[in-house]
Each structure stands twice: as C-alpha cells, then as structure tokens.
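Listing of coords.cif; format and content: mmCIF, C-alpha atoms and all ligand atoms.
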```
data_input
#
loop_
_atom_site.label_atom_id
_atom_site.label_comp_id
_atom_site.auth_asym_id
_atom_site.auth_seq_id
_atom_site.Cartn_x
_atom_site.Cartn_y
_atom_site.Cartn_z
CA MET A 1 -11.67 11.86 -7.41
CA PRO A 2 -12.25 15.58 -8.08
CA GLN A 3 -9.07 17.63 -8.37
CA MET A 4 -8.98 21.36 -7.77
CA ARG A 5 -6.38 24.11 -7.91
CA LEU A 6 -4.55 24.75 -4.66
CA ASP A 7 -5.39 28.49 -4.73
CA LYS A 8 -9.09 27.67 -5.17
CA LEU A 9 -9.00 25.26 -2.24
CA LEU A 10 -7.42 27.97 -0.05
CA THR A 11 -10.01 30.57 -1.05
CA ASN A 12 -12.72 28.01 -0.26
CA LEU A 13 -11.08 27.62 3.15
CA HIS A 14 -11.39 31.43 3.64
CA CYS A 15 -7.67 32.19 3.52
CA GLY A 16 -8.13 35.28 1.33
CA SER A 17 -8.85 36.31 -2.23
CA ARG A 18 -7.41 34.32 -5.14
CA LYS A 19 -4.68 37.01 -5.42
CA GLU A 20 -3.87 36.94 -1.69
CA VAL A 21 -3.68 33.16 -1.45
CA GLY A 22 -1.55 33.11 -4.62
CA ALA A 23 0.97 35.32 -2.81
CA LEU A 24 0.91 33.08 0.30
CA ILE A 25 1.51 29.99 -1.83
CA ARG A 26 4.34 31.58 -3.84
CA ALA A 27 5.99 32.67 -0.58
CA GLY A 28 6.25 28.99 0.46
CA ARG A 29 3.88 29.40 3.41
CA VAL A 30 1.51 26.65 2.32
CA GLU A 31 2.31 22.98 2.75
CA VAL A 32 0.58 20.09 1.02
CA ASP A 33 1.10 16.79 2.83
CA ARG A 34 3.80 18.57 4.89
CA VAL A 35 5.80 19.64 1.82
CA PRO A 36 5.84 23.33 0.77
CA CYS A 37 4.02 23.86 -2.52
CA ARG A 38 4.74 27.16 -4.33
CA ASP A 39 2.46 26.60 -7.31
CA PRO A 40 -1.00 28.19 -6.97
CA ALA A 41 -2.20 26.14 -9.97
CA ALA A 42 -1.09 22.79 -8.46
CA LYS A 43 -3.92 20.30 -8.78
CA VAL A 44 -4.89 18.68 -5.49
CA ASP A 45 -7.56 16.27 -4.38
CA PRO A 46 -9.02 17.80 -1.21
CA ASN A 47 -10.17 14.40 0.02
CA VAL A 48 -6.74 12.88 0.21
CA ILE A 49 -4.38 15.72 1.12
CA ALA A 50 -3.68 17.72 4.25
CA VAL A 51 -3.04 21.45 3.80
CA SER A 52 -1.41 23.82 6.26
CA LEU A 53 -0.66 27.56 6.24
CA ASP A 54 2.27 28.78 8.34
CA GLY A 55 2.27 25.39 10.06
CA THR A 56 -1.42 25.49 11.06
CA MET A 57 -3.45 22.63 9.65
CA LEU A 58 -6.33 24.07 7.61
CA GLN A 59 -7.75 20.95 6.19
CA TYR A 60 -7.51 17.44 7.45
CA ARG A 61 -8.10 14.69 5.03
CA GLU A 62 -11.49 13.13 5.41
CA GLN A 63 -9.86 9.84 4.71
CA GLN A 64 -6.83 8.42 6.46
CA TYR A 65 -4.19 6.41 4.61
CA TYR A 66 -1.20 4.85 6.32
CA MET A 67 1.60 2.78 4.89
CA LEU A 68 2.68 0.13 7.40
CA ASN A 69 5.73 -2.07 7.15
CA LYS A 70 4.07 -5.07 8.76
CA PRO A 71 6.42 -6.98 11.03
CA ALA A 72 6.33 -10.78 11.32
CA GLY A 73 4.39 -12.04 14.34
CA VAL A 74 1.24 -9.89 14.14
CA ILE A 75 -1.98 -10.89 12.42
CA THR A 76 -3.89 -8.83 9.87
CA ALA A 77 -7.14 -8.40 11.78
CA ASN A 78 -8.85 -5.54 13.55
CA ARG A 79 -9.03 -7.11 16.97
CA ASP A 80 -8.02 -10.47 18.37
CA GLU A 81 -8.20 -11.89 21.88
CA ARG A 82 -5.07 -13.99 21.59
CA HIS A 83 -2.76 -12.33 19.07
CA ASP A 84 -1.31 -8.90 18.45
CA THR A 85 -2.86 -7.34 15.36
CA VAL A 86 -1.61 -4.78 12.88
CA LEU A 87 -3.99 -2.24 14.42
CA ASP A 88 -2.32 -2.70 17.82
CA LEU A 89 0.71 -1.02 16.21
CA PHE A 90 -1.30 2.23 15.92
CA PRO A 91 -1.94 4.51 18.90
CA ALA A 92 -5.53 4.23 20.21
CA GLU A 93 -6.41 7.80 19.11
CA LEU A 94 -5.66 6.96 15.46
CA ARG A 95 -7.16 3.50 15.41
CA ARG A 96 -10.87 4.38 15.17
CA GLY A 97 -12.43 3.23 11.91
CA LEU A 98 -9.15 1.96 10.47
CA PHE A 99 -8.69 -1.42 8.81
CA ALA A 100 -6.09 -3.05 6.60
CA ILE A 101 -6.57 -3.45 2.86
CA GLY A 102 -6.11 -7.15 2.24
CA ARG A 103 -4.21 -9.61 4.36
CA LEU A 104 -0.69 -10.80 4.94
CA ASP A 105 0.08 -14.03 6.81
CA LYS A 106 1.26 -13.74 10.41
CA ASP A 107 4.85 -14.50 9.39
CA THR A 108 4.82 -12.23 6.29
CA GLU A 109 6.36 -8.76 6.47
CA GLY A 110 6.06 -5.69 4.33
CA LEU A 111 3.66 -3.34 2.65
CA LEU A 112 0.19 -3.08 4.15
CA VAL A 113 -2.14 -0.11 3.66
CA VAL A 114 -4.27 0.81 6.65
CA THR A 115 -7.16 3.18 5.98
CA ASN A 116 -10.76 4.11 6.71
CA ASP A 117 -11.56 4.31 2.97
CA GLY A 118 -13.82 1.37 2.21
CA ALA A 119 -14.24 2.32 -1.45
CA LEU A 120 -10.49 2.23 -2.03
CA SER A 121 -10.22 -1.09 -0.25
CA HIS A 122 -12.96 -2.48 -2.46
CA ALA A 123 -11.24 -1.17 -5.59
CA VAL A 124 -7.87 -2.66 -4.67
CA MET A 125 -9.29 -6.01 -3.56
CA SER A 126 -11.88 -6.44 -6.28
CA PRO A 127 -10.97 -9.73 -8.02
CA GLY A 128 -11.97 -8.32 -11.41
CA ARG A 129 -9.35 -5.56 -11.26
CA HIS A 130 -6.39 -7.88 -10.80
CA VAL A 131 -4.29 -5.27 -8.99
CA SER A 132 -0.77 -6.67 -8.93
CA LYS A 133 1.19 -7.36 -5.78
CA VAL A 134 4.92 -7.93 -5.65
CA TYR A 135 6.67 -10.10 -3.05
CA VAL A 136 10.29 -10.89 -2.29
CA ALA A 137 10.86 -14.35 -0.81
CA THR A 138 13.72 -16.44 0.49
CA VAL A 139 13.20 -19.92 -0.88
CA GLU A 140 14.79 -23.11 0.38
CA GLY A 141 15.04 -26.34 -1.60
CA GLU A 142 15.41 -26.86 -5.30
CA LEU A 143 12.95 -25.02 -7.52
CA ALA A 144 11.90 -26.85 -10.69
CA ALA A 145 14.03 -25.87 -13.69
CA ASP A 146 10.86 -24.68 -15.47
CA ALA A 147 9.47 -22.77 -12.46
CA GLU A 148 9.62 -19.37 -14.19
CA GLU A 149 7.78 -20.76 -17.21
CA ARG A 150 5.17 -22.41 -14.97
CA PHE A 151 4.53 -19.08 -13.25
CA ARG A 152 4.20 -17.42 -16.66
CA THR A 153 1.58 -19.88 -17.89
CA GLY A 154 -0.24 -20.37 -14.54
CA VAL A 155 0.86 -22.65 -11.69
CA THR A 156 -1.38 -25.55 -10.68
CA LEU A 157 -1.27 -25.86 -6.89
CA LYS A 158 -0.88 -29.23 -5.18
CA ASP A 159 -4.65 -29.36 -4.50
CA GLY A 160 -5.39 -28.84 -8.20
CA THR A 161 -6.26 -25.12 -7.94
CA GLU A 162 -5.17 -23.25 -11.05
CA CYS A 163 -3.54 -19.84 -10.63
CA LEU A 164 -3.57 -16.96 -13.07
CA PRO A 165 -0.38 -16.27 -15.02
CA ALA A 166 2.17 -14.64 -12.70
CA ARG A 167 5.84 -13.75 -12.73
CA LEU A 168 8.76 -15.40 -10.97
CA GLU A 169 12.24 -13.86 -11.13
CA ILE A 170 15.22 -15.55 -9.53
CA VAL A 171 17.05 -12.58 -8.01
CA THR A 172 19.85 -14.53 -6.30
CA PRO A 173 20.23 -18.18 -7.30
CA GLY A 174 21.28 -20.94 -4.87
CA ASP A 175 19.78 -22.72 -1.91
CA PRO A 176 18.39 -20.69 -0.32
CA CYS A 177 17.62 -18.40 -3.25
CA THR A 178 15.90 -15.01 -3.37
CA VAL A 179 12.97 -14.60 -5.72
CA ARG A 180 10.61 -11.85 -6.71
CA VAL A 181 7.01 -12.87 -7.36
CA THR A 182 4.32 -10.74 -9.03
CA LEU A 183 0.71 -11.88 -8.69
CA ARG A 184 -2.57 -10.50 -9.93
CA GLU A 185 -4.80 -12.37 -7.48
CA GLY A 186 -4.83 -13.16 -3.77
CA LYS A 187 -5.52 -16.77 -2.90
CA TYR A 188 -4.87 -18.06 0.62
CA HIS A 189 -1.09 -18.50 1.21
CA GLN A 190 -0.71 -18.06 -2.53
CA VAL A 191 3.01 -17.35 -2.83
CA LYS A 192 3.91 -20.16 -0.42
CA ARG A 193 1.67 -22.63 -2.25
CA MET A 194 2.90 -21.62 -5.72
CA ILE A 195 6.51 -22.00 -4.64
CA ALA A 196 5.68 -25.34 -2.96
CA ALA A 197 4.09 -26.53 -6.23
CA CYS A 198 7.45 -25.82 -7.90
CA GLY A 199 9.47 -27.74 -5.29
CA GLY A 200 10.58 -24.92 -2.96
CA PHE A 201 9.79 -23.80 0.58
CA VAL A 202 9.23 -20.12 1.44
CA ALA A 203 11.40 -19.42 4.46
CA SER A 204 10.58 -15.68 4.55
CA LEU A 205 8.20 -13.44 2.64
CA ARG A 206 7.92 -9.68 2.28
CA ARG A 207 5.48 -7.65 0.17
CA VAL A 208 7.15 -4.69 -1.51
CA GLN A 209 4.52 -3.32 -3.92
CA ILE A 210 0.74 -3.08 -4.48
CA GLY A 211 -0.29 -1.72 -7.88
CA GLY A 212 1.93 1.32 -8.43
CA LEU A 213 2.61 1.82 -4.70
CA LEU A 214 6.07 0.90 -3.39
CA LEU A 215 6.98 0.07 0.19
CA ASP A 216 9.00 2.92 1.70
CA GLU A 217 12.15 1.00 2.57
CA SER A 218 13.05 3.57 5.24
CA LEU A 219 10.17 2.26 7.38
CA ALA A 220 11.47 -0.28 9.88
CA PRO A 221 9.29 -3.36 10.44
CA GLY A 222 6.42 -2.22 12.69
CA ALA A 223 6.69 1.43 11.63
CA PHE A 224 4.05 3.32 9.68
CA ARG A 225 3.57 6.76 8.19
CA GLU A 226 0.83 8.72 6.47
CA MET A 227 0.72 8.21 2.72
CA THR A 228 1.05 11.20 0.42
CA GLY A 229 -1.79 12.13 -1.96
CA GLU A 230 0.42 10.93 -4.81
CA GLU A 231 0.84 7.52 -3.19
CA VAL A 232 -2.91 7.22 -2.68
CA ALA A 233 -3.39 8.01 -6.37
CA LEU A 234 -0.81 5.35 -7.30
CA LEU A 235 -2.71 2.82 -5.24
CA ARG A 236 -6.07 3.90 -6.61
CA GLY A 237 -5.14 3.91 -10.27
CA GLY A 238 -1.70 2.50 -10.74
CA GLU A 239 -0.87 -0.92 -12.04
CA ALA A 240 2.53 -2.49 -11.51
CA GLN A 241 4.10 -4.02 -14.59
CA MET A 242 4.23 -7.80 -14.70
N1 LIG B 1 1.18 -15.17 -0.21
C1 LIG B 1 1.45 -15.88 0.93
O1 LIG B 1 1.72 -17.07 0.87
N2 LIG B 1 1.38 -15.22 2.09
C2 LIG B 1 1.12 -13.90 2.20
O2 LIG B 1 1.10 -13.36 3.31
C3 LIG B 1 0.84 -13.20 1.02
C4 LIG B 1 0.88 -13.85 -0.18
#
```
Please lay out the structure from this file as structure tokens.
Amino acid sequence: MPQMRLDKLLTNLHCGSRKEVGALIRAGRVEVDRVPCRDPAAKVDPNVIAVSLDGTMLQYREQQYYMLNKPAGVITANRDERHDTVLDLFPAELRRGLFAIGRLDKDTEGLLVVTNDGALSHAVMSPGRHVSKVYVATVEGELAADAEERFRTGVTLKDGTECLPARLEIVTPGDPCTVRVTLREGKYHQVKRMIAACGGFVASLRRVQIGGLLLDESLAPGAFREMTGEEVALLRGGEAQM
C-alpha cells in the first residue's frame, strides 16, 4: 500500500501550503485515526486511515476495518433467516458491503475482522500464505501425554486428515485444562478436531490473534471498534510466531 507524508496528504486535501499544514500538525490540531499526530513527516497510508482537522473529518477511509469480539451464539455469515449473524451486531448504516474475514463456529468467541476489503480478505485467507491464528481453549478430558509433540509434527485427525505442524501449549494443567493453540491453516472445526484426536474435548474456544493482530481484550463479547491503520498493517503483513 502506498504510504505518504501526513503534511503531503493534508496539502492534497487543500488544507494549506506545506508550511501551513506543518504548523497545524505541530499544533496538535490534526488527528490520525482519532489520535493527535504532531509529526508532519509521519508516514500514513491514505487508504486505511481517517484524518481530521480540528475535529472535522477530512478524509474517510475508502476501506472499513472493524475488530469484533465475536460472542458465542451468532453465526459467521452475512445474512441468515434463522440465526443471528455477526453482521446483525453492526448498525444497519454501517453494514453495507461488510463481511467477515474467515469463519468462527457458532459457539466460538473472539477475534473476527469485519471489512469491505476483499483483497485483504483474500490475502489473509489464502491457503498458501499460512497466516497464523491463535486460540485459547478450555479442554475437558485427558489429553495424550505426547499431545504437544503431535501438534508439533502434525496431528492426524480421526478421519485420517493430516494437519500441518501446529503448536499446543498447556497454559493451566488439569481437567479441565486451558491450552493455547497456534495454527497455520483453517480446516473445518480444526481446533476441536485436533484436540479430539489427542483425547480431549473443547468445552470453550476463543480466538485471540490473527497474524500479528491481537484481540483488544477491552472489547466485551459482541462489541466492535474500528481498527487503527497500524492494526490493518499488522493483519496485512504480520505473522505471529509459532
Ligand atoms: N477451530 C474450531 O474448531 N472452531 C473454530 O471456530 C475455529 C477454529
């Protein structure tokens, strides 16, 4: 994505000469993604940021990016006759053109990105890119003693499907235990089926990270907020560590 200096963007938006807009920026009158930015040389991507001067929005992003903390009980679909969908959580005036990147099961909570940017969705979902996703699960039953090793080398599901190497960390041992799972692919019910293949049962599941993007833990289940330009960049380019 093309980056440009903030002062250049403001001159392009007819806010004054380079010198005049530099003074406005240094005076703290310009906000980028609702945060004052006092650096005229700050590099911004005009497609993914919102800019305001003295509180008046000058430039809306062409693309919309929302971080949703998906609650359990809603399905990841655009519209459904019988069930509430993640888009029903957005007011009607925002909803146009939006869709979720990827899917979470009806009973799964956590990080879901809702956008109108098809190219980003394609990039994140493309199987060849192996963008990592991190989940926290409560697991009942007794996990195999070698479960972590089996995740590392690639779990074979009960139906014979082979999974790519992944990571399992036992965060809190016991029954139930809490685990953290990092995957680089997105098969149907993958976490639940991998855990089942290792003798456990996923009682609750929450996604906390996609690539370099972390769930904002201050968002209550069902709440969403606009993503910052930095967060969009983390999603676009960032890879979580396995
Ligand atoms: N794995 C699952 O089993 N369910 C999800 O919703 C996501 C990953």
* To do: Do a neighbour search on range 41-47 of chain A at 12 Å with all atoms listed in the file, toss out local chain neighbours closer than 6 positions, and write the hits as an MDAnalysis selection string.
  => chainID A and resid 1:10 12:13 18 21:22 25:26 30:33 58:65 117 228:230 232:233
Kindly export the residues of the current selection with C-alpha atoms, as a JSON list (two decimals), in the coordinates of the input.
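Ended up saving to part-v3.json:
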```json
[["chain", "number", "residue", "atom", "x", "y", "z"],
["A", 1, "MET", "CA", -11.67, 11.86, -7.41],
["A", 2, "PRO", "CA", -12.25, 15.58, -8.08],
["A", 3, "GLN", "CA", -9.07, 17.63, -8.37],
["A", 4, "MET", "CA", -8.98, 21.36, -7.77],
["A", 5, "ARG", "CA", -6.38, 24.11, -7.91],
["A", 6, "LEU", "CA", -4.55, 24.75, -4.66],
["A", 7, "ASP", "CA", -5.39, 28.49, -4.73],
["A", 8, "LYS", "CA", -9.09, 27.67, -5.17],
["A", 9, "LEU", "CA", -9.00, 25.26, -2.24],
["A", 10, "LEU", "CA", -7.42, 27.97, -0.05],
["A", 12, "ASN", "CA", -12.72, 28.01, -0.26],
["A", 13, "LEU", "CA", -11.08, 27.62, 3.15],
["A", 18, "ARG", "CA", -7.41, 34.32, -5.14],
["A", 21, "VAL", "CA", -3.68, 33.16, -1.45],
["A", 22, "GLY", "CA", -1.55, 33.11, -4.62],
["A", 25, "ILE", "CA", 1.51, 29.99, -1.83],
["A", 26, "ARG", "CA", 4.34, 31.58, -3.84],
["A", 30, "VAL", "CA", 1.51, 26.65, 2.32],
["A", 31, "GLU", "CA", 2.31, 22.98, 2.75],
["A", 32, "VAL", "CA", 0.58, 20.09, 1.02],
["A", 33, "ASP", "CA", 1.10, 16.79, 2.83],
["A", 58, "LEU", "CA", -6.33, 24.07, 7.61],
["A", 59, "GLN", "CA", -7.75, 20.95, 6.19],
["A", 60, "TYR", "CA", -7.51, 17.44, 7.45],
["A", 61, "ARG", "CA", -8.10, 14.69, 5.03],
["A", 62, "GLU", "CA", -11.49, 13.13, 5.41],
["A", 63, "GLN", "CA", -9.86, 9.84, 4.71],
["A", 64, "GLN", "CA", -6.83, 8.42, 6.46],
["A", 65, "TYR", "CA", -4.19, 6.41, 4.61],
["A", 117, "ASP", "CA", -11.56, 4.31, 2.97],
["A", 228, "THR", "CA", 1.05, 11.20, 0.42],
["A", 229, "GLY", "CA", -1.79, 12.13, -1.96],
["A", 230, "GLU", "CA", 0.42, 10.93, -4.81],
["A", 232, "VAL", "CA", -2.91, 7.22, -2.68],
["A", 233, "ALA", "CA", -3.39, 8.01, -6.37]]
```
* To do: Give me, please, the distance in Å between CA of Gly118 in chain A and CA of Tyr66 in chain A, quoted to one decimal.
  =>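 According to the coordinates, CA of Gly118 in chain A and CA of Tyr66 in chain A are separated by 13.7 Å.
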* Asked: Once you count only C-alpha atoms and all ligand atoms, which residues end up within 12 Å of ligand LIG 1 (chain B), and could you hand them over as a PyMOL selection string?
  -> chain A and resi 70-76+102-112+132-137+139+180-196+201-210
* Asked: If I put a ball of radius 9 Å at (3.3, 1.6, -5.8) in the file's coordinates, which residues poke into it when counting all atoms listed in the file, written as a list in words?
  -> Val208, Gln209, Ile210, Gly211, Gly212, Leu213, Leu214, Leu215, Glu231, Val232, Leu234, Leu235, Gly238, Glu239 and Ala240 of chain A
* Just how far from CA of Glu142 in chain A is CA of Ala166 in chain A, in Å to one decimal? ->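 Here the two named atoms are 19.5 Å from each other.
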* Which distance in Å separates CA of Thr156 in chain A and CA of Pro173 in chain A, to one decimal? ->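 So the two atoms, CA of Thr156 in chain A and CA of Pro173 in chain A, lie 23.1 Å apart.
For the set A:Asp84, A:Ile170, A:Ser17, A:Leu164, the residue with the smallest atom-to-atom gap to Asp146 in chain A is A:Ile170, counting all atoms listed in the file.
Look at Lys19 in chain A: the protein and nucleic acid residues within 10 Å of it, using all atoms listed in the file and passing over chain neighbours fewer than 5 places away, are Asp7, Thr11, Leu24 and Pro40 of chain A.
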For the point (-1.5, 0.4, 12.2) in file coordinates, what residues are within 9 Å, counting all atoms listed in the file? Give the answer as a compact mmCIF listing (two decimals) with C-alpha atoms, keeping the file's coordinate frame?
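The resulting file, out_34.txt, is reproduced below:
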```
# COMPACT_ATOMS: atom_id res chain seq x y z
CA TYR A 66 -1.20 4.85 6.32
CA MET A 67 1.60 2.78 4.89
CA LEU A 68 2.68 0.13 7.40
CA LYS A 70 4.07 -5.07 8.76
CA THR A 85 -2.86 -7.34 15.36
CA VAL A 86 -1.61 -4.78 12.88
CA LEU A 87 -3.99 -2.24 14.42
CA ASP A 88 -2.32 -2.70 17.82
CA LEU A 89 0.71 -1.02 16.21
CA PHE A 90 -1.30 2.23 15.92
CA PRO A 91 -1.94 4.51 18.90
CA LEU A 94 -5.66 6.96 15.46
CA ARG A 95 -7.16 3.50 15.41
CA LEU A 98 -9.15 1.96 10.47
CA PHE A 99 -8.69 -1.42 8.81
CA ALA A 100 -6.09 -3.05 6.60
CA LEU A 112 0.19 -3.08 4.15
CA VAL A 113 -2.14 -0.11 3.66
CA VAL A 114 -4.27 0.81 6.65
CA THR A 115 -7.16 3.18 5.98
CA GLY A 222 6.42 -2.22 12.69
CA ALA A 223 6.69 1.43 11.63
CA PHE A 224 4.05 3.32 9.68
```
* A:Arg167, A:Arg82, A:Arg236, A:Arg150: which is nearest Cys198 in chain A, counting only C-alpha atoms? ->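 That would be A:Arg150, the residue with the smallest distance to Cys198 in chain A.
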5 Å per side around range 195-199 of chain A: axis-aligned box centre and edge lengths, as JSON:
```
{"center_x": 6.8, "center_y": -24.9, "center_z": -5.4, "size_x": 15.4, "size_y": 15.7, "size_z": 14.9}
```
